[in-house]
Structures are given as structure tokens and as C-alpha cells.
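Engineer: Before I ask anything, here is the structure I am working with.
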Amino acid sequence: MFGVVVFPGSNCDRDVAYVTRDLLDQPTRMVWHEETDISDLDVVIIPGGFSYGDYLRCGAIARFSPVMQQVVRHAQQGKFVLGICNGFQVLTEAGLLPGALIRNRDLHFICDRVSIKVERTNLPWTQIYSPGQVITLPIAHGEGQFYADGDTLSQLEANGQVLFRYQGDNSNGSVNNIAGICNLQGNILGMMPHPERASDPMLGGTDGLKLFQGLLEKVGAIA
Amino acid sequence: MKRKYKAYIYVTLRPSVLDPAGTAIQSGLEHMGYGTVEQVRIGKYIELILSAANEKTAQEQVDRMCGQMLANPVIENYRFDLVEVSVEMGV
């Protein structure tokens with residue numbers, strides 16, 4: 001079962017559900033931010049948007065919603081958590097992933113399709129991609145500049161936790177061109193690009209679908 | 001008896017974090033002729049009123065609020081001043 005968390009201000013929730021429910025034909029339910037039982041879920045997806053208006057900092061208030069305590073437990077059990085865009089920001093605020101997402105280097109909100117290099121393919125998220133493959137995914141964010149201090153950054157690199165990197169133009173200014181990272185165990189992924197917006201051929205690209213398919217292969221094998 | 005305290009909280013970016021908005025403002029100031037400005041950093045200022053048994057408890061509470069939510073220790077530092085206020089005072 002896929003669960004898509006809905007905060008006040010989430011706006012990519014239905015796009016994600018469209019991918020898992022309609023394109024991949026998987027049981028999917030929307031998870032309201034006040035829910036306190038998500039034990040039926042195999043995968044939690046925190047979608048993009050502007051949770052709680054992005055007040056204070058992006059993801060800062062969403063992090064304290066009732067459902068997030070359950071998401072932390074879900075993650076601690078080794079189950080899968082995917083945070084996309086605002087979802088990535090929520091995961092860093094919650095301490096489930098290291099670092100922070102800050103204002104884009106050039107201050108502009110960036111809405112574009114960008115080249116992303118897949119750095120590692122021995123995790124469920126990326127197993128269908130080939131190593132070093134460059135894919136095209138949409139980005140749409142004002143606060144997508146990944147920041148981490150030097151020690152954290154070298155740990156991320158040494159542990160192979162960087163799964164996605166901007167290729168060529170790194171327009172938001174992220175350190176080491178980082179576009180997506182996972183935790184040490186590999187069951188939590190946060191990324192600024194939107195794979196759900198590149199899954200239906202009608203939208204002009206399907207490079208994001210493999211991420212969901214790879215995950216599904218893994219979850220299907222467990223279940 | 002509970003007392004009321006007002007906290008004046010300053011959240012600032014850690015020195016290692018880039019502040020592109022601050023840089024943009026600095027360049028704006030330079031264009032206005034203020035060539036003496038060497039650096040601009042933008043932070044947040046938060047006021048809140050809370051009740052607590054005494055000043056020490058209020059200090060501890062505000063400190064926890066800052067560490068948990070009002071500031072993100074990955075990118076920000078914080079400091080605050082605390083003043084006891086009369087019960088009628090609003091924010």
C-alpha cells in the first residue's frame with residue numbers, strides 16, 4: 001500500500017497518487033496530516049507543495065504534525081519514505097535526512113526541466129536506471145539549494161548517500177550539485193526534482209517512472 | 001503563581017551559510033551610494049509572550065522552542081532576551 005501524505009498546502013499529492021494508483025495500478029491512499037495510524041502502509045510519500053504555507057521555514061511546521069511522528073516510526077522500521085521537493089524539506093527538518101534546503105543561490109523560483117545524473121543504482125529507488133545514467137526531470141522550487149556542513153557533506157559522499165546530482169547547470173547552487181540524498185540505510189530518499197511529473201508520456205517525459213517501478217519491484221518482493 | 005514573560009528572539013544564519021538575499025540587499029545599498037556597507041545578513045525576529053512559574057523556567061522553555069522549531073540548528077543560530085511583563089500586555 002502506498003500512502004501519500006496531505007498537509008494543508010500540499011499540491012503535488014494527487015500527481016503522486018496518479019502515478020502509483022493509475023499508472024502502476026497499486027493500492028494507494030491519501031494520508032491526512034492528522035492521522036496517527038499508518039501501519040497499513042509499505043511506502044510513505046511526502047509530496048511537493050507549500051505545507052503550512054512554508055511559514056517560518058519550508059517544512060518546519062509540517063514536521064510537528066501528528067502524522068510525522070508515525071512517519072518517523074515507519075522509517076525506523078526500515079520501511080520506505082520518499083520526500084519530493086517540499087517533502088524533502090520536511091524530511092530534513094524532521095532530522096530523517098541530514099542537511100537543509102535553503103533559498104536558491106540566485107533568489108529566483110526555478111521551474112524547469114533539468115539533467116540529473118543517477119549516481120548509484122544498487123538501491124530500490126534507482127535499481128532500474130543504469131549507473132551514471134543522465135535523466136531529465138522537472139524541478140520547481142524557490143528553496144532547493146542543498147546545504148550541509150563540511151563534515152556532513154564528506155560523510156554523505158563517503159557513504160554513497162548522494163543518489164541524484166544536477167548535471168551541468170546547477171541553477172539552485174546546491175553543494176556538490178546534490179539533487180537527492182538517502183539515509184545511511186537507504187530506505188529514506190529526499191529529492192528536489194519531481195519524478196511524478198515525468199511519469200506519464202502525455203507530459204513529455206517518463207524518466208521519473210523508473211523510480212516508482214524500482215520501488216515497486218522491491219516492495220512487491222517483500223509482500 | 002504564574003508570571004508572564006515576553007521573549008525577543010533573534011534567529012540568524014550561521015556564518016558558513018550563504019545568504020543570497022543579504023547579498024542582493026548589499027548590492028542595492030551600494031547602488032544607493034552606501035559604499036561603506038561591507039556585509040548584509042538577513043535573519044528573523046520573533047516576539048512571543050509566555051507564562052511560566054519563574055524566569056528560569058521561561059528561559060528553558062524558550063530555549064527548547066528555539067532549538068526544536070523556531071531555528072534550524074543546521075543553518076541557524078539564535079539568541080533571545082526575556083522580560084517580565086504585566087499580565088495585561090499584548091504582543
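By convention in this document, the chains of the C-alpha cells carry letters A, B, ... by their order, each chain's residues are numbered from 1, and ligands are numbered from 1 in the order they are shown.
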Find the spatial neighbours of region 135-152 of chain A, counting only C-alpha atoms, within a cut-off of 9 Å - ignore same-chain residues fewer than 4 positions away - and output them as an NGL selection string.
Structural biologist: (:A and (58 or 85-86 or 89 or 98-105 or 107-118 or 156-157 or 171-180 or 192-195 or 197-198 or 205-208)) or (:B and (16-17 or 74-75))
Engineer: Can you write out as a Markdown table which residues of chain B fall within 10 Å of chain A, alongside each residue's closest atom pair and its distance in Å to one decimal, counting only C-alpha atoms and ordering rows by chain and ascending residue number?
Structural biologist:
```
| residue | atom | partner | partner_atom | distance |
| --- | --- | --- | --- | --- |
| B:Ser16 | CA | A:Asp149 | CA | 7.9 |
| B:Val17 | CA | A:Tyr147 | CA | 7.7 |
| B:Leu18 | CA | A:Arg105 | CA | 8.1 |
| B:Asp19 | CA | A:Arg103 | CA | 8.0 |
| B:Pro20 | CA | A:Arg105 | CA | 5.7 |
| B:Ala21 | CA | A:Leu107 | CA | 6.7 |
| B:Ala24 | CA | A:Leu107 | CA | 8.8 |
| B:Lys44 | CA | A:Leu56 | CA | 8.8 |
| B:Gln68 | CA | A:Ala60 | CA | 9.4 |
| B:Met69 | CA | A:Ala60 | CA | 6.6 |
| B:Leu70 | CA | A:Leu56 | CA | 7.3 |
| B:Ala71 | CA | A:Leu56 | CA | 8.6 |
| B:Asn72 | CA | A:Glu93 | CA | 7.4 |
| B:Pro73 | CA | A:Ala100 | CA | 9.7 |
| B:Val74 | CA | A:Gly99 | CA | 6.4 |
| B:Ile75 | CA | A:Ala100 | CA | 7.1 |
```
Engineer: Please produce a file of those selected residues containing N, CA and C atoms, as an mmCIF file, in the first residue's frame.
Structural biologist:
```
data_model
loop_
_atom_site.group_PDB
_atom_site.id
_atom_site.type_symbol
_atom_site.label_atom_id
_atom_site.label_comp_id
_atom_site.auth_asym_id
_atom_site.auth_seq_id
_atom_site.Cartn_x
_atom_site.Cartn_y
_atom_site.Cartn_z
ATOM 1 N N SER B 16 28.613 30.154 8.071
ATOM 2 C CA SER B 16 29.029 29.344 6.931
ATOM 3 C C SER B 16 27.954 29.245 5.853
ATOM 4 N N VAL B 17 26.729 29.684 6.164
ATOM 5 C CA VAL B 17 25.638 29.558 5.201
ATOM 6 C C VAL B 17 25.554 30.802 4.336
ATOM 7 N N LEU B 18 25.500 30.595 3.022
ATOM 8 C CA LEU B 18 25.362 31.723 2.098
ATOM 9 C C LEU B 18 24.019 32.403 2.308
ATOM 10 N N ASP B 19 23.995 33.716 2.109
ATOM 11 C CA ASP B 19 22.734 34.445 2.227
ATOM 12 C C ASP B 19 22.539 35.282 0.966
ATOM 13 N N PRO B 20 22.007 34.651 -0.095
ATOM 14 C CA PRO B 20 21.881 35.382 -1.364
ATOM 15 C C PRO B 20 20.992 36.614 -1.250
ATOM 16 N N ALA B 21 19.965 36.561 -0.388
ATOM 17 C CA ALA B 21 19.089 37.727 -0.230
ATOM 18 C C ALA B 21 19.855 38.873 0.429
ATOM 19 N N ALA B 24 21.994 40.451 -2.146
ATOM 20 C CA ALA B 24 21.218 41.294 -3.069
ATOM 21 C C ALA B 24 20.943 42.656 -2.418
ATOM 22 N N LYS B 44 15.733 36.414 11.297
ATOM 23 C CA LYS B 44 14.331 36.552 11.691
ATOM 24 C C LYS B 44 14.271 37.083 13.113
ATOM 25 N N GLN B 68 13.982 23.465 18.924
ATOM 26 C CA GLN B 68 13.138 22.474 18.258
ATOM 27 C C GLN B 68 12.460 23.019 17.007
ATOM 28 N N MET B 69 12.031 24.275 17.050
ATOM 29 C CA MET B 69 11.241 24.755 15.920
ATOM 30 C C MET B 69 11.654 26.121 15.374
ATOM 31 N N LEU B 70 11.828 27.094 16.251
ATOM 32 C CA LEU B 70 11.975 28.459 15.749
ATOM 33 C C LEU B 70 13.261 28.649 14.954
ATOM 34 N N ALA B 71 14.292 27.882 15.282
ATOM 35 C CA ALA B 71 15.524 27.925 14.497
ATOM 36 C C ALA B 71 15.865 26.513 14.053
ATOM 37 N N ASN B 72 16.520 26.405 12.911
ATOM 38 C CA ASN B 72 17.026 25.114 12.445
ATOM 39 C C ASN B 72 18.533 25.098 12.694
ATOM 40 N N PRO B 73 18.979 24.313 13.663
ATOM 41 C CA PRO B 73 20.390 24.357 14.052
ATOM 42 C C PRO B 73 21.366 23.995 12.925
ATOM 43 N N VAL B 74 20.852 23.372 11.869
ATOM 44 C CA VAL B 74 21.730 23.041 10.740
ATOM 45 C C VAL B 74 22.217 24.316 10.037
ATOM 46 N N ILE B 75 21.341 25.319 9.992
ATOM 47 C CA ILE B 75 21.697 26.526 9.242
ATOM 48 C C ILE B 75 21.627 27.812 10.070
#
```
Engineer: Extract, using only C-alpha atoms, all DNA, RNA and protein residues at most 7 Å from Arg120 (chain A), discarding same-chain residues fewer than 3 positions from it, and format them as a PyMOL selection string.
Structural biologist: chain A and resi 126+131+163
Engineer: With DSSP run on the backbone, what are the helix (DSSP H, G or I) residues within region 73-192 of chain A? I'd like them as a list in words.
Structural biologist: Arg73, His74, Ala75, Gln76, Asn86, Gly87, Phe88, Gln89, Val90, Leu91, Thr92, Glu93, Pro124, Trp125, Thr126, Gly150, Asp151, Thr152, Leu153, Ser154, Gln155, Leu156, Glu157, Ala158, Val175, Asn176 and Asn177 of chain A
Engineer: In region 15-219 of chain A, what's strand (DSSP E or B) per DSSP? Answer as a short mmCIF file (atom, residue, chain, number, x, y, z; two decimals) with N, CA and C atoms, in the first residue's frame?
Structural biologist:
```cif
data_model
loop_
_atom_site.label_atom_id
_atom_site.label_comp_id
_atom_site.auth_asym_id
_atom_site.auth_seq_id
_atom_site.Cartn_x
_atom_site.Cartn_y
_atom_site.Cartn_z
N THR A 28 -3.42 2.68 -3.21
CA THR A 28 -2.85 3.97 -2.78
C THR A 28 -3.91 4.69 -1.97
N ARG A 29 -3.51 5.27 -0.86
CA ARG A 29 -4.48 6.11 -0.16
C ARG A 29 -3.84 7.42 0.27
N MET A 30 -4.68 8.44 0.39
CA MET A 30 -4.22 9.73 0.85
C MET A 30 -4.19 9.69 2.38
N VAL A 31 -3.14 10.26 2.96
CA VAL A 31 -2.97 10.23 4.41
C VAL A 31 -3.02 11.67 4.92
N TRP A 32 -4.10 11.99 5.64
CA TRP A 32 -4.26 13.35 6.17
C TRP A 32 -3.24 13.59 7.27
N VAL A 43 4.89 2.09 1.78
CA VAL A 43 5.66 3.25 1.31
C VAL A 43 4.91 4.52 1.68
N VAL A 44 5.61 5.46 2.31
CA VAL A 44 5.03 6.78 2.57
C VAL A 44 5.68 7.77 1.62
N ILE A 45 4.86 8.54 0.92
CA ILE A 45 5.40 9.57 0.04
C ILE A 45 4.94 10.93 0.55
N ILE A 46 5.90 11.80 0.81
CA ILE A 46 5.58 13.17 1.21
C ILE A 46 5.75 14.03 -0.03
N GLY A 49 4.78 20.87 -2.55
CA GLY A 49 3.77 21.86 -2.22
C GLY A 49 4.33 22.90 -1.29
N PHE A 80 9.87 2.21 3.56
CA PHE A 80 10.30 3.25 2.63
C PHE A 80 9.58 4.59 2.85
N VAL A 81 10.37 5.65 2.77
CA VAL A 81 9.84 7.01 2.83
C VAL A 81 10.47 7.80 1.69
N LEU A 82 9.62 8.43 0.88
CA LEU A 82 10.09 9.27 -0.22
C LEU A 82 9.58 10.69 -0.02
N GLY A 83 10.48 11.64 0.00
CA GLY A 83 10.09 13.04 0.10
C GLY A 83 10.49 13.76 -1.17
N ILE A 84 9.50 14.36 -1.83
CA ILE A 84 9.76 15.05 -3.09
C ILE A 84 9.58 16.55 -2.87
N ALA A 100 20.05 20.77 4.95
CA ALA A 100 18.89 21.66 4.89
C ALA A 100 18.75 22.17 3.46
N LEU A 101 17.53 22.60 3.13
CA LEU A 101 17.29 23.22 1.83
C LEU A 101 17.07 24.70 2.07
N ILE A 102 17.92 25.52 1.45
CA ILE A 102 17.81 26.95 1.66
C ILE A 102 17.50 27.65 0.33
N ILE A 110 12.75 28.53 -9.49
CA ILE A 110 13.14 27.89 -10.75
C ILE A 110 12.11 26.84 -11.14
N CYS A 111 11.55 26.98 -12.33
CA CYS A 111 10.63 25.99 -12.87
C CYS A 111 11.21 25.57 -14.21
N ASP A 112 11.72 24.36 -14.30
CA ASP A 112 12.49 23.98 -15.48
C ASP A 112 12.58 22.46 -15.57
N ARG A 113 13.07 21.99 -16.69
CA ARG A 113 13.43 20.57 -16.81
C ARG A 113 14.94 20.51 -16.82
N VAL A 114 15.51 19.66 -15.97
CA VAL A 114 16.96 19.66 -15.83
C VAL A 114 17.52 18.25 -15.98
N SER A 115 18.83 18.20 -16.30
CA SER A 115 19.52 16.93 -16.42
C SER A 115 20.01 16.49 -15.04
N ILE A 116 19.70 15.24 -14.70
CA ILE A 116 20.04 14.69 -13.40
C ILE A 116 20.84 13.42 -13.63
N LYS A 117 21.97 13.32 -12.96
CA LYS A 117 22.78 12.12 -13.07
C LYS A 117 22.42 11.16 -11.94
N VAL A 118 22.17 9.90 -12.30
CA VAL A 118 21.89 8.87 -11.30
C VAL A 118 23.22 8.32 -10.82
N VAL A 134 22.04 9.71 -17.28
CA VAL A 134 21.57 11.08 -17.13
C VAL A 134 20.11 11.13 -17.57
N ILE A 135 19.24 11.56 -16.67
CA ILE A 135 17.81 11.60 -16.95
C ILE A 135 17.32 13.05 -16.89
N THR A 136 16.13 13.26 -17.40
CA THR A 136 15.56 14.61 -17.38
C THR A 136 14.34 14.63 -16.46
N LEU A 137 14.38 15.50 -15.47
CA LEU A 137 13.25 15.62 -14.54
C LEU A 137 12.92 17.10 -14.35
N PRO A 138 11.64 17.38 -14.07
CA PRO A 138 11.27 18.77 -13.79
C PRO A 138 11.69 19.17 -12.37
N ILE A 139 12.06 20.43 -12.21
CA ILE A 139 12.21 20.99 -10.88
C ILE A 139 11.32 22.22 -10.78
N ALA A 140 10.87 22.53 -9.59
CA ALA A 140 10.04 23.72 -9.38
C ALA A 140 10.16 24.11 -7.92
N HIS A 141 11.12 24.98 -7.62
CA HIS A 141 11.32 25.35 -6.22
C HIS A 141 12.03 26.69 -6.08
N GLN A 145 18.25 24.86 -2.64
CA GLN A 145 19.71 24.80 -2.54
C GLN A 145 20.09 23.92 -1.35
N PHE A 146 20.65 22.75 -1.67
CA PHE A 146 21.02 21.84 -0.58
C PHE A 146 22.26 22.36 0.12
N TYR A 147 22.18 22.39 1.46
CA TYR A 147 23.31 22.84 2.26
C TYR A 147 23.61 21.82 3.34
N VAL A 162 24.54 10.16 -1.88
CA VAL A 162 24.05 11.06 -2.94
C VAL A 162 23.56 10.20 -4.10
N LEU A 163 22.25 10.17 -4.31
CA LEU A 163 21.69 9.34 -5.38
C LEU A 163 21.52 10.12 -6.68
N PHE A 164 21.20 11.41 -6.54
CA PHE A 164 20.96 12.24 -7.73
C PHE A 164 21.78 13.53 -7.64
N ARG A 165 22.36 13.89 -8.79
CA ARG A 165 23.16 15.11 -8.86
C ARG A 165 22.77 15.90 -10.10
N TYR A 166 22.69 17.23 -9.97
CA TYR A 166 22.46 18.05 -11.16
C TYR A 166 23.64 17.90 -12.09
N ILE A 178 24.14 18.53 -5.41
CA ILE A 178 23.26 17.49 -4.87
C ILE A 178 21.78 17.79 -5.16
N ALA A 179 21.11 16.81 -5.76
CA ALA A 179 19.68 16.94 -6.07
C ALA A 179 18.84 15.99 -5.23
N GLY A 180 19.46 14.91 -4.74
CA GLY A 180 18.70 13.94 -3.94
C GLY A 180 19.64 13.08 -3.11
N ILE A 181 19.26 12.84 -1.85
CA ILE A 181 20.09 12.01 -0.96
C ILE A 181 19.22 11.00 -0.23
N CYS A 182 19.88 9.94 0.23
CA CYS A 182 19.17 8.98 1.06
C CYS A 182 19.86 8.89 2.42
N ILE A 188 15.18 5.85 3.15
CA ILE A 188 14.58 7.19 3.10
C ILE A 188 15.27 7.97 1.98
N LEU A 189 14.47 8.49 1.06
CA LEU A 189 15.03 9.28 -0.05
C LEU A 189 14.36 10.65 -0.08
N GLY A 190 15.17 11.67 -0.20
CA GLY A 190 14.64 13.02 -0.40
C GLY A 190 15.24 13.59 -1.67
N MET A 191 14.42 14.22 -2.50
CA MET A 191 14.92 14.79 -3.76
C MET A 191 14.12 16.02 -4.13
#
```
Engineer: List the neighbours of Lys6 (chain B) out to 8 Å using only C-alpha atoms; skip same-chain residues closer than 6 positions along the sequence, and give me the result as a VMD selection string.
Structural biologist: chain B and resid 47 to 50 82 to 85
Engineer: What does the distance between CA of Gly78 (chain A) and CA of Leu184 (chain A) come to in Å, to one decimal place?
Structural biologist: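 Distance reported for this atom pair: 11.1 Å.
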Engineer: Given the choices A:Ser10, A:Ser154, A:Gln213, A:Asn159, which gets closest to Ser199 (chain A) if the distance is worked out from only C-alpha atoms?
Structural biologist: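 Ranking A:Ser10, A:Ser154, A:Gln213, A:Asn159 by distance to Ser199 (chain A), first place goes to A:Gln213.
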Engineer: Which residue gives the smallest distance to Ser51 (chain A) among A:Gly87, A:Asp25, A:Thr36, A:Thr20, with only C-alpha atoms counted?
Structural biologist: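 Under the stated criterion, the closest residue is A:Gly87.
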Engineer: In Å, how far is it from CA of Asp37 (chain A) to CA of Val71 (chain A)?
Structural biologist: 9.6 Å
Engineer: Between CA of Ser86 (chain B) and CA of Gln61 (chain B), what is the spacing in Å?
Structural biologist: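 Taking CA of Gln61 (chain B) and CA of Ser86 (chain B), their separation equals 19.0 Å.
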